[in-house]
Amino acid sequence: MSLLETINKPSDLRALTLEQLEDLAGEIRAFLIANVARTGGHLGPNLGVVELTLGIHRVFDSPTDSIVFDTGHQSYVHKLLTGRKDFTTLRQQGGLAGYPDRGESEHDIVESSHASASLSWVDGISRANKLRKQTERYAIALVGDGALTGGMAWEAVNNIAADKDRKAIIVVNDNGRSYAPTIGGLANQLSGLRQQLDKFRTHPSYEDAMSKLKGKLKDSGAVGTFAYKSLHATKKGIKDWWAPQGLFEDLGLKYIGPIDGHNQRAVEEALLQAKQFGGPVLVHAMTEKGHGYAPAIADVADQFHAVGVIDPETGVPVASGGAKSWTSVFGDEIALVADERDDIVAITGAMLQPVGLKKMANKYPERVIDVGIAEQHAMTAAAGLAFGGLHPVVCVYATFLNRAFDQLLMDVALHKAGVTIVLDRAGVTGPDGPSHHGMWDMALTQIVPNLHLAAPRDASRLREELREALAIDDAPSVVRFSKGSVGEEVEAIDRLPDGVDVLARLGDRAAPDVLIVSVGAMSELSLDVAHRLNSQGISVSVVDPRWVLPVPASVVSLAARHRIVVCIEDGVRAGGVGSRLRTEMRAAGVDTALNEVGLPTEFLAHGTRAQVLERVGLTAQQVARDTMAQVLGTKVPFARPLPGQDLPTGQIPKL
């Protein structure tokens, strides 16, 4: 029996010797490589935190002590140590989540998949422990150095450090990377720290002695006060010369490290020191992303941050599709536009390659700005760049726009700044689960005055609409697109004067029944629905607005000439495109029934895009059935009756 097979709960680790722990670490890495190679997932980050996770679970007592991961993609080892060894369906529908999940285990405290939030959780948990007199409980964050580029992390540090009695432990997993290498002044500071282990300094008796000495010297008048200040300055100068931890200690955090995060003994000694100290402590551990797996170490781009199905021996993808991705289409086009316009600058938040900016960065490194995991800063900095005469392009995943909404509203839109926001991974994204579906952006942006929102349906429209967005210099513009490969081109049969594309006119054009408004990547499904309806004698028009904000006037006019409107989008229905279209129709005096077809206001569990859409009823068969029932008058909203007829009723044909 392997050592890993004997570990079913964290307490099982405490019986192991250091030598056995080293063997266990090797087994865990072999397990992760073999299993993640079959399913895909976040491999590099987890290979780098094996010893840290073992140490945290040996020194602390989960779930009595709360362990928070920032971000949660580095929690695979934690899952293994808490009894979850079935990785055969990792990130697949019904299988193990790729992030902590409260539904899986009592050991999962925070379903953490967005960076820089863990320290605020630890602040709240440790404060609650103190207020409820649960003085033996600890709150521990395992936070990547990349997450410390987010401003929210420092807001939390400011509060944690102010209370010396809180049992809050911050373990910094410093591998010099977030998705890519960590950037900025913080990264420079961390890389300058030197190895030093000062057990005496972190021992509670040391703090007691220092406190008593401080009191005695200060109570002895001006001479004593001067002596205390001189001794303290000398001590601090020596400490900063030996290991410049002032960045943290000046904020009030006790600092331990840096330590070798792959040395089990060093890890556990540091964590024990932190535990014994009794107040807020930061443990700085130096690790290597992808540690123990040569193909990951050799991958300069992201050290196997996230992989698809790979050959475990070589790390080479087992199959790579020939179709071009949405991201690469954008990346090629923005690089071309940068050739033509020297006012174009791009901003990303620690995701240069994932959002398609690598090509532009190689050509124009001074015009591509990586601000770290700081979406709020990115958005307001973009407003400043626009004020300075440039046209900034802020590139983030759609799910991360949520973080920068206030800045989009108050700094960009209010100031009429010509800023283009490019949202990758929009709509249902699949295996990363509820936090990563880009399903909120269209509802959020509906309420931003003067904002322009484009949803391209294919590669040609992405190139076209990106250039149109970059021509808007007095308001924010947003271009959103899906994850994965771009489908076939969906050509229009007509383009209306205001830019709306007509994709299909099926059946009796003199008396059209259904107007389908297809948003972005939903064009294939929309056309499928149209053909199903037409096969049952229903006349259908399908249009793609291209720009869903502002609502094109021609869409409202078309709505008035049809019996019912069906708006199909891959965002939440509540406050989405359909909702906005209804508002514009009513304002224009158009009372045609409208059915919003989109995503429910729920957190959607992981699965493939197709599986998630089927779960929520967003399939061609289901939408066609519902629309047929609405035309027949057996399901609300009822289509407008035909001239001279009462509200129609009838049986629903089988489609």
# chains A, B, ... in the order shown; residues from 1 in each chain; ligands from 1
>>> residues_around(residues="range 78-86 of chain A", least_positions_apart="4", cutoff="9 Å", atoms="only C-alpha atoms", output="ChimeraX atom specification")
/A:4-5,7-10,12-13,28,50,53-54,57,74,90,95-96,100,104-105,107-108
>>> residues_around(residues="Ile169 in chain A", least_positions_apart="5", cutoff="12 Å", atoms="only C-alpha atoms", output="compact mmCIF listing (two decimals) with N, CA, C and O atoms, in the first residue's frame")
# COMPACT_ATOMS: atom_id res chain seq x y z
N ILE A 56 0.97 22.75 6.35
CA ILE A 56 -0.18 23.44 6.92
C ILE A 56 -1.11 22.44 7.60
O ILE A 56 -1.60 22.67 8.71
N VAL A 59 0.57 21.09 10.92
CA VAL A 59 0.73 22.03 12.02
C VAL A 59 -0.63 22.54 12.53
O VAL A 59 -0.81 22.76 13.72
N PHE A 60 -1.57 22.70 11.62
CA PHE A 60 -2.89 23.22 12.00
C PHE A 60 -3.94 22.11 11.91
O PHE A 60 -3.68 21.03 11.36
N ASP A 65 -9.35 24.82 12.48
CA ASP A 65 -8.60 25.94 11.93
C ASP A 65 -9.02 26.11 10.47
O ASP A 65 -9.14 25.12 9.73
N SER A 66 -9.25 27.33 10.07
CA SER A 66 -9.78 27.60 8.72
C SER A 66 -8.64 27.85 7.75
O SER A 66 -7.81 28.73 7.97
N ILE A 67 -8.60 27.08 6.66
CA ILE A 67 -7.56 27.21 5.65
C ILE A 67 -8.21 27.76 4.37
O ILE A 67 -9.16 27.18 3.85
N VAL A 68 -7.68 28.88 3.89
CA VAL A 68 -8.22 29.55 2.71
C VAL A 68 -7.14 29.59 1.63
O VAL A 68 -6.00 29.96 1.92
N SER A 118 -8.41 36.25 -0.34
CA SER A 118 -8.25 35.34 0.81
C SER A 118 -7.94 36.08 2.10
O SER A 118 -8.39 35.68 3.17
N LEU A 119 -7.16 37.15 2.01
CA LEU A 119 -6.76 37.84 3.24
C LEU A 119 -7.94 38.55 3.89
O LEU A 119 -8.00 38.67 5.11
N TRP A 121 -10.98 37.31 3.78
CA TRP A 121 -11.63 36.19 4.46
C TRP A 121 -10.94 35.90 5.79
O TRP A 121 -11.60 35.72 6.83
N VAL A 122 -9.62 35.85 5.77
CA VAL A 122 -8.87 35.56 7.00
C VAL A 122 -9.07 36.67 8.03
O VAL A 122 -9.18 36.42 9.23
N ASP A 123 -9.13 37.91 7.57
CA ASP A 123 -9.41 39.02 8.48
C ASP A 123 -10.76 38.80 9.16
O ASP A 123 -10.88 38.90 10.39
N ILE A 125 -12.60 35.96 9.42
CA ILE A 125 -12.66 34.74 10.23
C ILE A 125 -11.92 34.92 11.54
O ILE A 125 -12.42 34.56 12.62
N SER A 126 -10.71 35.48 11.48
CA SER A 126 -9.92 35.65 12.71
C SER A 126 -10.57 36.66 13.65
O SER A 126 -10.53 36.50 14.88
N ARG A 137 -8.47 28.92 17.88
CA ARG A 137 -8.66 28.67 16.45
C ARG A 137 -7.81 29.63 15.62
O ARG A 137 -7.71 30.82 15.93
N TYR A 138 -7.24 29.11 14.55
CA TYR A 138 -6.40 29.90 13.65
C TYR A 138 -7.10 30.05 12.30
O TYR A 138 -7.89 29.20 11.88
N ALA A 139 -6.78 31.13 11.62
CA ALA A 139 -7.21 31.33 10.23
C ALA A 139 -5.95 31.46 9.39
O ALA A 139 -5.09 32.30 9.68
N ILE A 140 -5.82 30.62 8.38
CA ILE A 140 -4.60 30.55 7.59
C ILE A 140 -4.92 30.78 6.13
O ILE A 140 -5.86 30.19 5.58
N ALA A 141 -4.16 31.64 5.47
CA ALA A 141 -4.29 31.85 4.03
C ALA A 141 -3.03 31.35 3.35
O ALA A 141 -1.92 31.68 3.77
N LEU A 142 -3.21 30.55 2.30
CA LEU A 142 -2.09 30.21 1.42
C LEU A 142 -2.28 31.05 0.18
O LEU A 142 -3.17 30.80 -0.64
N VAL A 143 -1.46 32.07 0.04
CA VAL A 143 -1.67 33.07 -1.00
C VAL A 143 -0.45 33.16 -1.91
O VAL A 143 0.69 33.23 -1.44
N VAL A 157 -4.50 43.33 4.70
CA VAL A 157 -3.28 43.36 5.53
C VAL A 157 -3.32 44.55 6.48
O VAL A 157 -2.95 44.45 7.66
N ILE A 160 -5.59 43.37 9.30
CA ILE A 160 -5.06 42.24 10.06
C ILE A 160 -3.91 42.69 10.96
O ILE A 160 -3.84 42.34 12.14
N ALA A 161 -3.01 43.48 10.41
CA ALA A 161 -1.82 43.88 11.14
C ALA A 161 -2.12 44.82 12.31
O ALA A 161 -1.31 44.95 13.23
N LYS A 164 -3.00 42.95 17.21
CA LYS A 164 -1.90 42.06 17.58
C LYS A 164 -2.35 40.76 18.24
O LYS A 164 -1.55 39.86 18.44
N LEU A 253 3.11 43.35 10.68
CA LEU A 253 3.08 41.89 10.62
C LEU A 253 4.43 41.32 11.02
O LEU A 253 5.47 41.80 10.58
N LYS A 254 4.41 40.28 11.84
CA LYS A 254 5.63 39.55 12.13
C LYS A 254 5.99 38.76 10.88
O LYS A 254 5.15 38.13 10.26
N TYR A 255 7.25 38.79 10.53
CA TYR A 255 7.71 38.17 9.28
C TYR A 255 8.64 37.01 9.58
O TYR A 255 9.55 37.12 10.41
N ILE A 256 8.40 35.87 8.91
CA ILE A 256 9.29 34.72 9.01
C ILE A 256 9.68 34.30 7.60
O ILE A 256 8.82 34.04 6.77
N ALA A 270 8.88 26.78 10.33
CA ALA A 270 8.37 28.14 10.17
C ALA A 270 6.91 28.24 10.58
O ALA A 270 6.50 29.20 11.25
N LEU A 271 6.12 27.26 10.20
CA LEU A 271 4.70 27.29 10.56
C LEU A 271 4.49 27.14 12.06
O LEU A 271 3.60 27.77 12.64
N LEU A 272 5.31 26.31 12.69
CA LEU A 272 5.22 26.17 14.15
C LEU A 272 5.58 27.47 14.85
O LEU A 272 4.96 27.86 15.84
N GLN A 273 6.61 28.15 14.34
CA GLN A 273 6.98 29.46 14.92
C GLN A 273 5.81 30.43 14.79
O GLN A 273 5.48 31.16 15.73
N ALA A 274 5.20 30.43 13.62
CA ALA A 274 4.08 31.34 13.39
C ALA A 274 2.93 31.01 14.34
O ALA A 274 2.29 31.92 14.91
N LYS A 275 2.67 29.74 14.55
CA LYS A 275 1.58 29.32 15.43
C LYS A 275 1.86 29.72 16.87
O LYS A 275 0.98 30.19 17.60
N GLN A 276 3.10 29.57 17.31
CA GLN A 276 3.47 29.88 18.69
C GLN A 276 3.45 31.38 18.97
O GLN A 276 3.24 31.81 20.11
N PHE A 277 3.63 32.18 17.94
CA PHE A 277 3.71 33.62 18.14
C PHE A 277 2.40 34.19 18.69
O PHE A 277 2.40 35.07 19.55
N GLY A 278 1.27 33.70 18.17
CA GLY A 278 -0.01 34.09 18.74
C GLY A 278 -0.64 35.33 18.17
O GLY A 278 -1.74 35.71 18.56
N GLY A 279 0.04 36.01 17.26
CA GLY A 279 -0.53 37.18 16.61
C GLY A 279 -0.40 37.04 15.10
O GLY A 279 -0.01 35.98 14.60
N PRO A 280 -0.70 38.09 14.35
CA PRO A 280 -0.60 38.01 12.89
C PRO A 280 0.84 37.78 12.43
O PRO A 280 1.76 38.47 12.87
N VAL A 281 1.02 36.80 11.58
CA VAL A 281 2.35 36.43 11.09
C VAL A 281 2.30 36.19 9.59
O VAL A 281 1.32 35.63 9.08
N LEU A 282 3.34 36.61 8.90
CA LEU A 282 3.49 36.29 7.49
C LEU A 282 4.67 35.35 7.33
O LEU A 282 5.79 35.66 7.77
N VAL A 283 4.44 34.19 6.73
CA VAL A 283 5.50 33.22 6.43
C VAL A 283 5.77 33.28 4.93
O VAL A 283 4.88 33.04 4.12
N HIS A 284 7.00 33.59 4.59
CA HIS A 284 7.37 33.78 3.19
C HIS A 284 8.11 32.54 2.70
O HIS A 284 9.23 32.26 3.12
>>> select_by_dssp(residues="range 472-598 of chain A", states="strand (DSSP E)", output="ChimeraX atom specification")
/A:477-480,494-495,501-506,514-518,540-544,547-549,564-572,593-598
>>> residues_around(residues="range 603-609 of chain A", least_positions_apart="5", cutoff="9 Å", atoms="only C-alpha atoms", output="list in words")
Arg91, Gln92, Gln93, Gly94, Gly95, Ala97, Gly98, Val428, Thr429, Gly430, Pro431, Asp432, Gly433, Pro434, Ser435, His437, Glu614 and Val616 of chain A
>>> write_last_selection(atoms="all heavy atoms", output="compact mmCIF listing (two decimals), in the first residue's frame")
# COMPACT_ATOMS: atom_id res chain seq x y z
N ARG A 91 -13.14 18.37 -12.77
CA ARG A 91 -13.64 19.48 -13.56
C ARG A 91 -14.65 19.05 -14.63
O ARG A 91 -14.94 19.79 -15.55
CB ARG A 91 -12.49 20.26 -14.21
CG ARG A 91 -11.52 20.84 -13.20
CD ARG A 91 -10.24 21.36 -13.83
NE ARG A 91 -10.45 22.64 -14.49
CZ ARG A 91 -10.26 22.85 -15.78
NH1 ARG A 91 -9.90 21.87 -16.58
NH2 ARG A 91 -10.44 24.04 -16.30
N GLN A 92 -15.17 17.82 -14.49
CA GLN A 92 -16.20 17.34 -15.40
C GLN A 92 -17.54 17.31 -14.66
O GLN A 92 -17.58 17.27 -13.44
CB GLN A 92 -15.86 15.94 -15.92
CG GLN A 92 -14.57 15.92 -16.75
CD GLN A 92 -14.14 14.51 -17.11
OE1 GLN A 92 -14.97 13.61 -17.15
NE2 GLN A 92 -12.86 14.33 -17.39
N GLN A 93 -18.62 17.36 -15.42
CA GLN A 93 -19.95 17.42 -14.81
C GLN A 93 -20.15 16.27 -13.83
O GLN A 93 -19.96 15.11 -14.16
CB GLN A 93 -21.02 17.38 -15.89
CG GLN A 93 -22.44 17.50 -15.36
CD GLN A 93 -23.44 17.85 -16.42
OE1 GLN A 93 -23.80 19.00 -16.59
NE2 GLN A 93 -23.90 16.86 -17.18
N GLY A 94 -20.52 16.62 -12.60
CA GLY A 94 -20.75 15.63 -11.57
C GLY A 94 -19.49 15.16 -10.86
O GLY A 94 -19.56 14.41 -9.89
N GLY A 95 -18.33 15.63 -11.33
CA GLY A 95 -17.06 15.21 -10.74
C GLY A 95 -16.48 16.24 -9.80
O GLY A 95 -17.14 17.21 -9.41
N ALA A 97 -14.65 19.33 -8.31
CA ALA A 97 -14.48 20.71 -8.76
C ALA A 97 -13.00 21.06 -8.84
O ALA A 97 -12.18 20.50 -8.12
CB ALA A 97 -15.20 21.67 -7.82
N GLY A 98 -12.68 21.99 -9.72
CA GLY A 98 -11.30 22.42 -9.86
C GLY A 98 -10.87 23.44 -8.82
O GLY A 98 -9.71 23.86 -8.81
N VAL A 428 -21.05 30.99 -21.03
CA VAL A 428 -20.76 29.76 -20.29
C VAL A 428 -19.40 29.24 -20.74
O VAL A 428 -19.16 29.03 -21.93
CB VAL A 428 -21.85 28.70 -20.55
CG1 VAL A 428 -21.44 27.35 -19.98
CG2 VAL A 428 -23.17 29.16 -19.95
N THR A 429 -18.51 29.03 -19.77
CA THR A 429 -17.15 28.62 -20.10
C THR A 429 -16.86 27.16 -19.80
O THR A 429 -15.94 26.59 -20.36
CB THR A 429 -16.13 29.49 -19.36
OG1 THR A 429 -16.39 29.41 -17.95
CG2 THR A 429 -16.21 30.93 -19.80
N GLY A 430 -17.62 26.55 -18.88
CA GLY A 430 -17.48 25.11 -18.68
C GLY A 430 -16.79 24.66 -17.43
O GLY A 430 -17.29 24.87 -16.32
N PRO A 431 -15.60 24.02 -17.55
CA PRO A 431 -15.04 23.23 -16.44
C PRO A 431 -14.59 24.01 -15.21
O PRO A 431 -14.47 23.41 -14.15
CB PRO A 431 -13.84 22.52 -17.10
CG PRO A 431 -13.50 23.34 -18.29
CD PRO A 431 -14.79 23.91 -18.78
N ASP A 432 -14.35 25.30 -15.32
CA ASP A 432 -13.91 26.05 -14.14
C ASP A 432 -15.05 26.39 -13.20
O ASP A 432 -14.83 26.84 -12.08
CB ASP A 432 -13.18 27.33 -14.55
CG ASP A 432 -11.74 27.05 -14.95
OD1 ASP A 432 -11.16 26.08 -14.44
OD2 ASP A 432 -11.21 27.80 -15.80
N GLY A 433 -16.29 26.22 -13.64
CA GLY A 433 -17.41 26.32 -12.73
C GLY A 433 -17.98 27.71 -12.54
O GLY A 433 -17.70 28.64 -13.31
N PRO A 434 -18.78 27.89 -11.49
CA PRO A 434 -19.63 29.08 -11.35
C PRO A 434 -18.89 30.40 -11.32
O PRO A 434 -19.42 31.40 -11.80
CB PRO A 434 -20.36 28.83 -10.02
CG PRO A 434 -19.61 27.76 -9.32
CD PRO A 434 -18.99 26.92 -10.39
N SER A 435 -17.71 30.43 -10.77
CA SER A 435 -17.01 31.71 -10.66
C SER A 435 -16.41 32.17 -11.98
O SER A 435 -16.07 33.34 -12.13
CB SER A 435 -15.89 31.61 -9.62
OG SER A 435 -14.92 30.67 -10.06
N HIS A 437 -17.77 31.36 -15.24
CA HIS A 437 -18.69 31.63 -16.34
C HIS A 437 -18.76 33.14 -16.55
O HIS A 437 -18.98 33.90 -15.59
CB HIS A 437 -20.09 31.10 -16.03
CG HIS A 437 -20.17 29.61 -15.91
ND1 HIS A 437 -19.66 28.75 -16.86
CD2 HIS A 437 -20.71 28.82 -14.96
CE1 HIS A 437 -19.87 27.51 -16.49
NE2 HIS A 437 -20.50 27.51 -15.34
N GLU A 614 -27.47 22.67 -21.78
CA GLU A 614 -28.58 21.71 -21.76
C GLU A 614 -29.27 21.69 -20.40
O GLU A 614 -30.50 21.62 -20.32
CB GLU A 614 -28.07 20.31 -22.11
CG GLU A 614 -29.18 19.27 -22.20
CD GLU A 614 -28.70 17.92 -22.69
OE1 GLU A 614 -27.47 17.74 -22.82
OE2 GLU A 614 -29.55 17.04 -22.93
N VAL A 616 -29.75 24.06 -18.38
CA VAL A 616 -30.61 25.24 -18.16
C VAL A 616 -31.64 25.42 -19.28
O VAL A 616 -32.34 26.43 -19.32
CB VAL A 616 -29.75 26.52 -18.01
CG1 VAL A 616 -28.80 26.38 -16.84
CG2 VAL A 616 -28.99 26.84 -19.30
>>> select_by_dssp(residues="range 59-135 of chain A", states="alpha helix (DSSP H)", output="ChimeraX atom specification")
/A:59,76-81,118-131
>>> atom_distance(atom1="CA of Leu470 in chain A", atom2="CA of Gly151 in chain A")
28.7 Å
>>> residues_around(residues="Gly322 in chain A", least_positions_apart="2", cutoff="12 Å", atoms="only C-alpha atoms", output="PyMOL selection string")
chain A and resi 319-320+324-325+484-487
>>> residues_around(residues="Arg467 in chain A", least_positions_apart="6", cutoff="10 Å", atoms="only C-alpha atoms", output="PyMOL selection string")
chain A and resi 333-334+337+461
>>> write_last_selection(atoms="all heavy atoms", output="PDB file, in the first residue's frame")
ATOM      1  N   GLU A 333      -5.567  40.510 -34.535  1.00  0.00           N
ATOM      2  CA  GLU A 333      -6.160  41.759 -35.010  1.00  0.00           C
ATOM      3  C   GLU A 333      -5.667  42.962 -34.218  1.00  0.00           C
ATOM      4  O   GLU A 333      -5.382  44.020 -34.797  1.00  0.00           O
ATOM      5  CB  GLU A 333      -7.685  41.670 -34.945  1.00  0.00           C
ATOM      6  CG  GLU A 333      -8.415  42.767 -35.707  1.00  0.00           C
ATOM      7  CD  GLU A 333      -8.185  42.713 -37.215  1.00  0.00           C
ATOM      8  OE1 GLU A 333      -7.759  41.653 -37.723  1.00  0.00           O
ATOM      9  OE2 GLU A 333      -8.441  43.742 -37.886  1.00  0.00           O
ATOM     10  N   ILE A 334      -5.543  42.824 -32.895  1.00  0.00           N
ATOM     11  CA  ILE A 334      -5.083  43.982 -32.111  1.00  0.00           C
ATOM     12  C   ILE A 334      -3.633  44.313 -32.453  1.00  0.00           C
ATOM     13  O   ILE A 334      -3.237  45.487 -32.443  1.00  0.00           O
ATOM     14  CB  ILE A 334      -5.268  43.738 -30.586  1.00  0.00           C
ATOM     15  CG1 ILE A 334      -5.119  45.060 -29.810  1.00  0.00           C
ATOM     16  CG2 ILE A 334      -4.293  42.717 -30.052  1.00  0.00           C
ATOM     17  CD1 ILE A 334      -6.183  46.075 -30.097  1.00  0.00           C
ATOM     18  N   VAL A 337      -3.873  46.331 -35.661  1.00  0.00           N
ATOM     19  CA  VAL A 337      -4.339  47.693 -35.382  1.00  0.00           C
ATOM     20  C   VAL A 337      -3.219  48.521 -34.743  1.00  0.00           C
ATOM     21  O   VAL A 337      -3.059  49.713 -35.042  1.00  0.00           O
ATOM     22  CB  VAL A 337      -5.580  47.664 -34.479  1.00  0.00           C
ATOM     23  CG1 VAL A 337      -6.001  49.085 -34.097  1.00  0.00           C
ATOM     24  CG2 VAL A 337      -6.734  46.954 -35.156  1.00  0.00           C
ATOM     25  N   ARG A 461     -16.685  38.969 -37.746  1.00  0.00           N
ATOM     26  CA  ARG A 461     -17.374  40.010 -36.989  1.00  0.00           C
ATOM     27  C   ARG A 461     -16.534  40.474 -35.801  1.00  0.00           C
ATOM     28  O   ARG A 461     -16.584  41.647 -35.421  1.00  0.00           O
ATOM     29  CB  ARG A 461     -18.733  39.495 -36.512  1.00  0.00           C
ATOM     30  CG  ARG A 461     -19.915  39.928 -37.343  1.00  0.00           C
ATOM     31  CD  ARG A 461     -19.742  39.854 -38.831  1.00  0.00           C
ATOM     32  NE  ARG A 461     -19.599  38.486 -39.308  1.00  0.00           N
ATOM     33  CZ  ARG A 461     -19.494  38.124 -40.577  1.00  0.00           C
ATOM     34  NH1 ARG A 461     -19.462  39.039 -41.535  1.00  0.00           N
ATOM     35  NH2 ARG A 461     -19.367  36.846 -40.927  1.00  0.00           N
TER      36      ARG A 461
END
>>> closest_residue(among="A:Phe31, A:Trp547, A:Phe638, A:Trp326", to="Leu43 in chain A", atoms="only C-alpha atoms")
A:Phe31
>>> atom_distance(atom1="CA of Asp70 in chain A", atom2="CA of Leu32 in chain A")
19.4 Å
>>> residues_around(residues="Gly144 in chain A", least_positions_apart="5", cutoff="6 Å", atoms="only C-alpha atoms", output="MDAnalysis selection string")
chainID A and resid 172:174
>>> residues_around(residues="Ser11 in chain A", least_positions_apart="5", cutoff="9 Å", atoms="only C-alpha atoms", output="MDAnalysis selection string")
chainID A and resid 57:58 61:62
>>> atom_distance(atom1="CA of Ala559 in chain A", atom2="CA of Ile447 in chain A")
22.3 Å
>>> closest_residue(among="A:Arg463, A:Lys133, A:Arg457, A:Arg582", to="Ser526 in chain A", atoms="only C-alpha atoms")
A:Arg457
>>> closest_residue(among="A:Ala620, A:Val631, A:Ala475, A:Ala454", to="Val529 in chain A", atoms="only C-alpha atoms")
A:Ala620
>>> closest_residue(among="A:Ile33, A:Ala574, A:Met439, A:Leu533", to="Arg505 in chain A", atoms="only C-alpha atoms")
A:Leu533
>>> decode(residues="range 160-166 of chain A", atoms="all heavy atoms", output="short mmCIF file (atom, residue, chain, number, x, y, z; two decimals), in the first residue's frame")
data_model
loop_
_atom_site.label_atom_id
_atom_site.label_comp_id
_atom_site.auth_asym_id
_atom_site.auth_seq_id
_atom_site.Cartn_x
_atom_site.Cartn_y
_atom_site.Cartn_z
N ILE A 160 -5.59 43.37 9.30
CA ILE A 160 -5.06 42.24 10.06
C ILE A 160 -3.91 42.69 10.96
O ILE A 160 -3.84 42.34 12.14
CB ILE A 160 -4.59 41.12 9.11
CG1 ILE A 160 -5.79 40.50 8.39
CG2 ILE A 160 -3.82 40.04 9.87
CD1 ILE A 160 -5.41 39.57 7.26
N ALA A 161 -3.01 43.48 10.41
CA ALA A 161 -1.82 43.88 11.14
C ALA A 161 -2.12 44.82 12.31
O ALA A 161 -1.31 44.95 13.23
CB ALA A 161 -0.82 44.55 10.18
N ALA A 162 -3.28 45.46 12.27
CA ALA A 162 -3.61 46.43 13.31
C ALA A 162 -4.01 45.78 14.62
O ALA A 162 -4.08 46.45 15.65
CB ALA A 162 -4.73 47.35 12.82
N ASP A 163 -4.29 44.49 14.60
CA ASP A 163 -4.76 43.79 15.79
C ASP A 163 -3.76 42.71 16.17
O ASP A 163 -3.68 41.68 15.53
CB ASP A 163 -6.13 43.17 15.51
CG ASP A 163 -6.80 42.64 16.78
OD1 ASP A 163 -6.09 42.43 17.78
OD2 ASP A 163 -8.03 42.43 16.75
N LYS A 164 -3.00 42.95 17.21
CA LYS A 164 -1.90 42.06 17.58
C LYS A 164 -2.35 40.76 18.24
O LYS A 164 -1.55 39.86 18.44
CB LYS A 164 -0.93 42.78 18.54
CG LYS A 164 -0.39 44.09 18.01
CD LYS A 164 0.32 43.91 16.68
CE LYS A 164 0.88 45.23 16.16
NZ LYS A 164 1.44 45.09 14.80
N ASP A 165 -3.63 40.65 18.58
CA ASP A 165 -4.11 39.48 19.30
C ASP A 165 -4.79 38.46 18.40
O ASP A 165 -5.29 37.45 18.87
CB ASP A 165 -5.10 39.90 20.39
CG ASP A 165 -4.43 40.74 21.46
OD1 ASP A 165 -3.23 40.54 21.69
OD2 ASP A 165 -5.11 41.61 22.03
N ARG A 166 -4.82 38.72 17.09
CA ARG A 166 -5.53 37.83 16.20
C ARG A 166 -4.65 36.72 15.68
O ARG A 166 -3.51 36.94 15.30
CB ARG A 166 -6.09 38.61 15.03
CG ARG A 166 -7.46 39.02 15.43
CD ARG A 166 -8.44 39.41 14.55
NE ARG A 166 -8.31 40.76 14.11
CZ ARG A 166 -8.42 41.05 12.85
NH1 ARG A 166 -8.59 40.12 11.95
NH2 ARG A 166 -8.35 42.29 12.49
#
